[in-house]
Amino acid sequence: MSQLQPVRGTHDLLPDEMRRYRFVVDQARAAAECFGYHEMATPIFEFSEVFKRTLGDTSDIVTKEMYTFTDRGGETVTLRPEGTAGVARAFISGGLAQHLPLKYFYSGPMFRYERPQKGRLRQFHQTGIELLGVADPIGDVEIIATGVEFLRRIGAWERCYLEINSLGDAESRKAYRDVLVAYLSAHKDQLSKESLERLERNPMRILDSKDEGDRKIVADAPVYSDHLNEASRDFFQRVLAGLDALGIAYKINPRLVRGLDYYCHTCFEIISNDLGAQGTVMGGGRYDGLVGIMGGTETPGVGWASGVERCMMLLQQDPPARRPIALIPVGAAAERECLVLADQLRRLGLYAELGYSGNVGKRMKRANKLNARVAVILGDDELAKKVATLRDLDSGEQREIAMDALAQQLEAY
RNA sequence: GCGGGCAUAGCUCAAUUGGUUAGAGCGCUGGAUUGUGGAUCCAGAGGUUGCGGGUUCAAGUCCCGUUGCUCGCCCCA
């Protein structure tokens with residue numbers, strides 16, 4: 001083992017992995033484009049305020065997971081831990097409110113200082129979409145449909161399930177929060193240590209506790225859906241009706257709560273059982289309050305983010321690598337000829353590999369290792385006749401082709 | 001941030017109770033084959049046993065520390 005190791009929780013994407021990475025992101029982008037989402041990118045770091053303000057001072061991300069540093073100008077900046085805050089910031093700083101509704105797709109690295117484990121990295125990648133300016137539940141339905149379509153395309157949807165819940169509007173949320181805190185406070189002595197902390201910071205999280213004692217108390221806790229106001233209840237029903245219409249199966253999980261403060265109404269996760277403790281492949285929801293919190297004019301928003309590495313783990317097979325045409329010269333004259341031929345083929349958009357050294361046998365071996373589809377063998381014999389020997393490496397069939405017709409012939413591969 | 005497990009060749013793994021020069025398969029390189037790949041055969045290269053310290057006549061093996069990985073908690077993608 002070398003002494004030179006990558007920073008903890010980061011890893012290299014070598015070509016085999018990069019192919020899988022690209023496949024996932026390409027499918028996400030393609031699916032999103034079918035729904036009218038346009039790709040955009042924001043910087044991978046922002047003023048720390050951007051994340052602090054939007055994620056809430058008490059969230060785990062802000063309290064312990066941010067990569068924050070001071071730059072040479074004395075500014076405090078943070079490597080983005082998620083994508084939505086940056087998009088919202090761009091929306092405000094770009095004065096884009098006049099172009100609503102906006103539909104954005106993004107993908108790129110995110111950074112969280114956490115203890116790495118399977119499916120959890122310090123630098124990981126997300127791809128996501130944001131729909132800004134649509135207050136109607138049809139927006140919630142559409143983004144979920146987009147996510148499902150993406151997962152279908154990578155063959156992962158079959159092994160995932162959708163959990164959904166409503167966080168209600170601000171009014172419902174506040175009302176419920178009061179009732180819940182009152183109930184839990186009455187059972188303070190029985191709560192786990194973690195949950196006692198959560199009681200202060202984020203009491204709704206206690207509903208999702210895995211501690212057995214907590215679960216007993218939670219079982220009898222007031223149920224949120226009973227405390228949703230009329231408008232919130234109606235909103236949720238319309239989202240569910242949309243999913244029904246699209247034939248998207250879901251499981252209502254009343255304990256599903258988002259850690260981030262700006263979510264309201266719909267929140268959902270798409271989860272796989274095949275990934276161990278970190279099974280969430282996609283998470284999202286509605287964040288009507290976010291743009292307002294950041295100082296923009298109130299603008300409704302819905303979106304999701306999906307972990308690229310986690311999606312990669314769900315791929316059943318590796319996306320195929322492109323197969324080259326191998327050019328195999330024999331002799332110095334042919335060498336020159338192949339160099340030119342390769343250039344011609346590449347201008348046609350074909351993938352041509354030039355063996356760099358060795359005799360025919362060695363070059364053939366190398367061509368085979370590259371999984372070449374066909375080999376073009378060019379020697380003095382061929383040059384004299386103005387032909388090339390074309391060998392199909394799958395069938396082993398071999399024939400001579402006139403040089404004039406060669407490029408055209410190869411385009412078929 | 002907390003708790004458990006693991007670390008031997010590029011990869012997957014051996015190595016008896018602590019005992020000689022740390023082995024095998026795959027992969028890699030070369031050859032059989034200087035105008036024909038895959039299959040086969042032959043040969044070769046490749047190791048500070050993660051790192052540092054300790055115990056011992058003797059450490060891959062035992063002890064301590066450290067780094068990394070891994071599984072779980074927390075939280076999430």
# chains A, B, ... in the order shown; residues from 1 in each chain; ligands from 1
>>> interface_residues(of="chain A", to="chain B", cutoff="7 Å", atoms="only C-alpha atoms (C1' of nucleotides)", output="list of chain:residue names")
A:Met1, A:Asp60, A:Gln126, A:Thr280, A:Val281, A:Met282, A:Ala305, A:Ser306, A:Gly307, A:Asn359, A:Val360, A:Gly361, A:Met364, A:Lys365, A:Asn368
>>> residues_around(residues="Arg391 in chain A", least_positions_apart="5", cutoff="9 Å", atoms="only C-alpha atoms (C1' of nucleotides)", output="PyMOL selection string")
chain A and resi 373-377+396-400
>>> residues_around(residues="range 62-65 of chain B", least_positions_apart="5", cutoff="12 Å", atoms="only C-alpha atoms (C1' of nucleotides)", output="PyMOL selection string")
chain B and resi 18+51-56
>>> select_by_dssp(residues="range 36-177 of chain A", states="strand (DSSP E or B)", output="number ranges by chain")
A: 38-39, 45-47, 67-70, 76-79, 102-111, 117, 120, 123-132, 160-166
>>> residues_around(residues="A9 in chain B", least_positions_apart="3", cutoff="12 Å", atoms="only C-alpha atoms (C1' of nucleotides)", output="ChimeraX atom specification")
/A:1 /B:12-13,22-24,26-28,45-47,49
>>> residues_around(residues="range 102-108 of chain A", least_positions_apart="5", cutoff="7 Å", atoms="only C-alpha atoms (C1' of nucleotides)", output="MDAnalysis selection string")
chainID A and resid 29 32 36:41 125:133
>>> write_last_selection(atoms="N, CA and C atoms", output="PDB file, in the first residue's frame")
ATOM      1  N   ARG A  29     -30.263  13.192 -16.459  1.00  0.00           N
ATOM      2  CA  ARG A  29     -30.407  14.385 -17.285  1.00  0.00           C
ATOM      3  C   ARG A  29     -31.421  14.151 -18.392  1.00  0.00           C
ATOM      4  N   ALA A  32     -34.906  14.091 -17.000  1.00  0.00           N
ATOM      5  CA  ALA A  32     -35.326  15.433 -16.611  1.00  0.00           C
ATOM      6  C   ALA A  32     -35.653  16.282 -17.838  1.00  0.00           C
ATOM      7  N   GLY A  36     -38.851  18.704 -19.288  1.00  0.00           N
ATOM      8  CA  GLY A  36     -38.657  20.132 -19.500  1.00  0.00           C
ATOM      9  C   GLY A  36     -37.665  20.800 -18.568  1.00  0.00           C
ATOM     10  N   TYR A  37     -36.820  20.007 -17.918  1.00  0.00           N
ATOM     11  CA  TYR A  37     -35.829  20.603 -17.014  1.00  0.00           C
ATOM     12  C   TYR A  37     -34.549  20.900 -17.779  1.00  0.00           C
ATOM     13  N   HIS A  38     -33.959  22.045 -17.503  1.00  0.00           N
ATOM     14  CA  HIS A  38     -32.742  22.455 -18.189  1.00  0.00           C
ATOM     15  C   HIS A  38     -31.571  22.410 -17.231  1.00  0.00           C
ATOM     16  N   GLU A  39     -30.451  21.929 -17.743  1.00  0.00           N
ATOM     17  CA  GLU A  39     -29.292  21.801 -16.870  1.00  0.00           C
ATOM     18  C   GLU A  39     -28.694  23.157 -16.546  1.00  0.00           C
ATOM     19  N   MET A  40     -28.280  23.309 -15.324  1.00  0.00           N
ATOM     20  CA  MET A  40     -27.578  24.511 -14.883  1.00  0.00           C
ATOM     21  C   MET A  40     -26.569  24.087 -13.817  1.00  0.00           C
ATOM     22  N   ALA A  41     -25.687  25.000 -13.465  1.00  0.00           N
ATOM     23  CA  ALA A  41     -24.707  24.677 -12.433  1.00  0.00           C
ATOM     24  C   ALA A  41     -24.463  25.893 -11.572  1.00  0.00           C
ATOM     25  N   HIS A 125     -21.612  12.709  -4.894  1.00  0.00           N
ATOM     26  CA  HIS A 125     -22.209  13.436  -6.016  1.00  0.00           C
ATOM     27  C   HIS A 125     -23.716  13.308  -5.992  1.00  0.00           C
ATOM     28  N   GLN A 126     -24.347  14.400  -6.297  1.00  0.00           N
ATOM     29  CA  GLN A 126     -25.792  14.394  -6.385  1.00  0.00           C
ATOM     30  C   GLN A 126     -26.221  14.902  -7.742  1.00  0.00           C
ATOM     31  N   THR A 127     -27.362  14.408  -8.133  1.00  0.00           N
ATOM     32  CA  THR A 127     -28.001  14.975  -9.286  1.00  0.00           C
ATOM     33  C   THR A 127     -29.399  15.322  -8.809  1.00  0.00           C
ATOM     34  N   GLY A 128     -29.958  16.401  -9.323  1.00  0.00           N
ATOM     35  CA  GLY A 128     -31.245  16.804  -8.769  1.00  0.00           C
ATOM     36  C   GLY A 128     -32.007  17.732  -9.689  1.00  0.00           C
ATOM     37  N   ILE A 129     -33.252  17.959  -9.348  1.00  0.00           N
ATOM     38  CA  ILE A 129     -34.052  18.922 -10.101  1.00  0.00           C
ATOM     39  C   ILE A 129     -34.770  19.863  -9.142  1.00  0.00           C
ATOM     40  N   GLU A 130     -35.026  21.056  -9.608  1.00  0.00           N
ATOM     41  CA  GLU A 130     -35.789  22.028  -8.824  1.00  0.00           C
ATOM     42  C   GLU A 130     -36.835  22.649  -9.745  1.00  0.00           C
ATOM     43  N   LEU A 131     -38.027  22.729  -9.228  1.00  0.00           N
ATOM     44  CA  LEU A 131     -39.124  23.367  -9.950  1.00  0.00           C
ATOM     45  C   LEU A 131     -39.551  24.584  -9.143  1.00  0.00           C
ATOM     46  N   LEU A 132     -39.349  25.767  -9.707  1.00  0.00           N
ATOM     47  CA  LEU A 132     -39.620  26.998  -8.964  1.00  0.00           C
ATOM     48  C   LEU A 132     -40.834  27.708  -9.537  1.00  0.00           C
ATOM     49  N   GLY A 133     -41.698  28.172  -8.664  1.00  0.00           N
ATOM     50  CA  GLY A 133     -42.812  29.002  -9.104  1.00  0.00           C
ATOM     51  C   GLY A 133     -44.118  28.255  -9.314  1.00  0.00           C
TER      52      GLY A 133
END
>>> residues_around(residues="Ala405 in chain A", least_positions_apart="4", cutoff="10 Å", atoms="only C-alpha atoms (C1' of nucleotides)", output="mmCIF file with N, CA, C and O atoms, in the first residue's frame")
data_model
loop_
_atom_site.group_PDB
_atom_site.id
_atom_site.type_symbol
_atom_site.label_atom_id
_atom_site.label_comp_id
_atom_site.auth_asym_id
_atom_site.auth_seq_id
_atom_site.Cartn_x
_atom_site.Cartn_y
_atom_site.Cartn_z
ATOM 1 N N VAL A 387 -5.509 -1.858 -50.945
ATOM 2 C CA VAL A 387 -6.603 -2.450 -50.162
ATOM 3 C C VAL A 387 -6.197 -2.503 -48.698
ATOM 4 O O VAL A 387 -5.058 -2.159 -48.354
ATOM 5 N N ALA A 388 -7.111 -2.875 -47.858
ATOM 6 C CA ALA A 388 -6.806 -3.136 -46.462
ATOM 7 C C ALA A 388 -7.456 -4.456 -46.088
ATOM 8 O O ALA A 388 -8.500 -4.808 -46.632
ATOM 9 N N ILE A 401 -10.652 -5.064 -48.442
ATOM 10 C CA ILE A 401 -11.540 -3.979 -48.840
ATOM 11 C C ILE A 401 -10.701 -2.926 -49.554
ATOM 12 O O ILE A 401 -9.603 -2.612 -49.101
ATOM 13 N N GLN A 409 -17.083 1.614 -45.245
ATOM 14 C CA GLN A 409 -17.304 0.261 -44.725
ATOM 15 C C GLN A 409 -17.241 0.249 -43.190
ATOM 16 O O GLN A 409 -18.059 -0.379 -42.526
ATOM 17 N N LEU A 410 -16.270 0.995 -42.646
ATOM 18 C CA LEU A 410 -16.062 0.982 -41.195
ATOM 19 C C LEU A 410 -17.151 1.748 -40.443
ATOM 20 O O LEU A 410 -17.371 1.517 -39.265
#
>>> atom_distance(atom1="CA of Ser93 in chain A", atom2="CA of Thr68 in chain A")
21.8 Å
>>> select_by_dssp(residues="range 260-301 of chain A", states="alpha helix (DSSP H)", output="number ranges by chain")
A: 290-293
>>> atom_distance(atom1="C1' of G5 in chain B", atom2="CA of Arg310 in chain A")
23.3 Å
>>> atom_distance(atom1="CA of Tyr224 in chain A", atom2="CA of Arg258 in chain A")
14.0 Å
>>> closest_residue(among="A:Leu327, A:Leu100, A:Val302, A:Leu314", to="Ser272 in chain A", atoms="only C-alpha atoms")
A:Leu314
>>> residues_around(residues="Gly289 in chain A", least_positions_apart="6", cutoff="8 Å", atoms="only C-alpha atoms (C1' of nucleotides)", output="ChimeraX atom specification")
/A:262-264,298-300
>>> write_last_selection(atoms="N, CA, C and O atoms", output="JSON list (two decimals), in the first residue's frame")
[["chain", "number", "residue", "atom", "x", "y", "z"],
["A", 262, "TYR", "N", -36.64, 24.15, 5.66],
["A", 262, "TYR", "CA", -37.48, 24.87, 4.71],
["A", 262, "TYR", "C", -38.52, 24.00, 4.01],
["A", 262, "TYR", "O", -39.24, 24.47, 3.15],
["A", 263, "TYR", "N", -38.55, 22.73, 4.34],
["A", 263, "TYR", "CA", -39.53, 21.87, 3.69],
["A", 263, "TYR", "C", -40.94, 22.09, 4.24],
["A", 263, "TYR", "O", -41.12, 22.40, 5.42],
["A", 264, "CYS", "N", -41.95, 21.95, 3.38],
["A", 264, "CYS", "CA", -43.33, 21.98, 3.81],
["A", 264, "CYS", "C", -44.12, 21.04, 2.90],
["A", 264, "CYS", "O", -43.60, 20.56, 1.90],
["A", 298, "GLU", "N", -41.16, 35.76, -1.98],
["A", 298, "GLU", "CA", -41.69, 34.43, -1.72],
["A", 298, "GLU", "C", -41.96, 33.68, -3.03],
["A", 298, "GLU", "O", -42.69, 34.18, -3.90],
["A", 299, "THR", "N", -41.35, 32.52, -3.17],
["A", 299, "THR", "CA", -41.50, 31.75, -4.39],
["A", 299, "THR", "C", -41.62, 30.28, -4.03],
["A", 299, "THR", "O", -40.74, 29.75, -3.34],
["A", 300, "PRO", "N", -42.69, 29.64, -4.44],
["A", 300, "PRO", "CA", -42.80, 28.21, -4.12],
["A", 300, "PRO", "C", -41.78, 27.39, -4.88],
["A", 300, "PRO", "O", -41.35, 27.77, -5.97]]
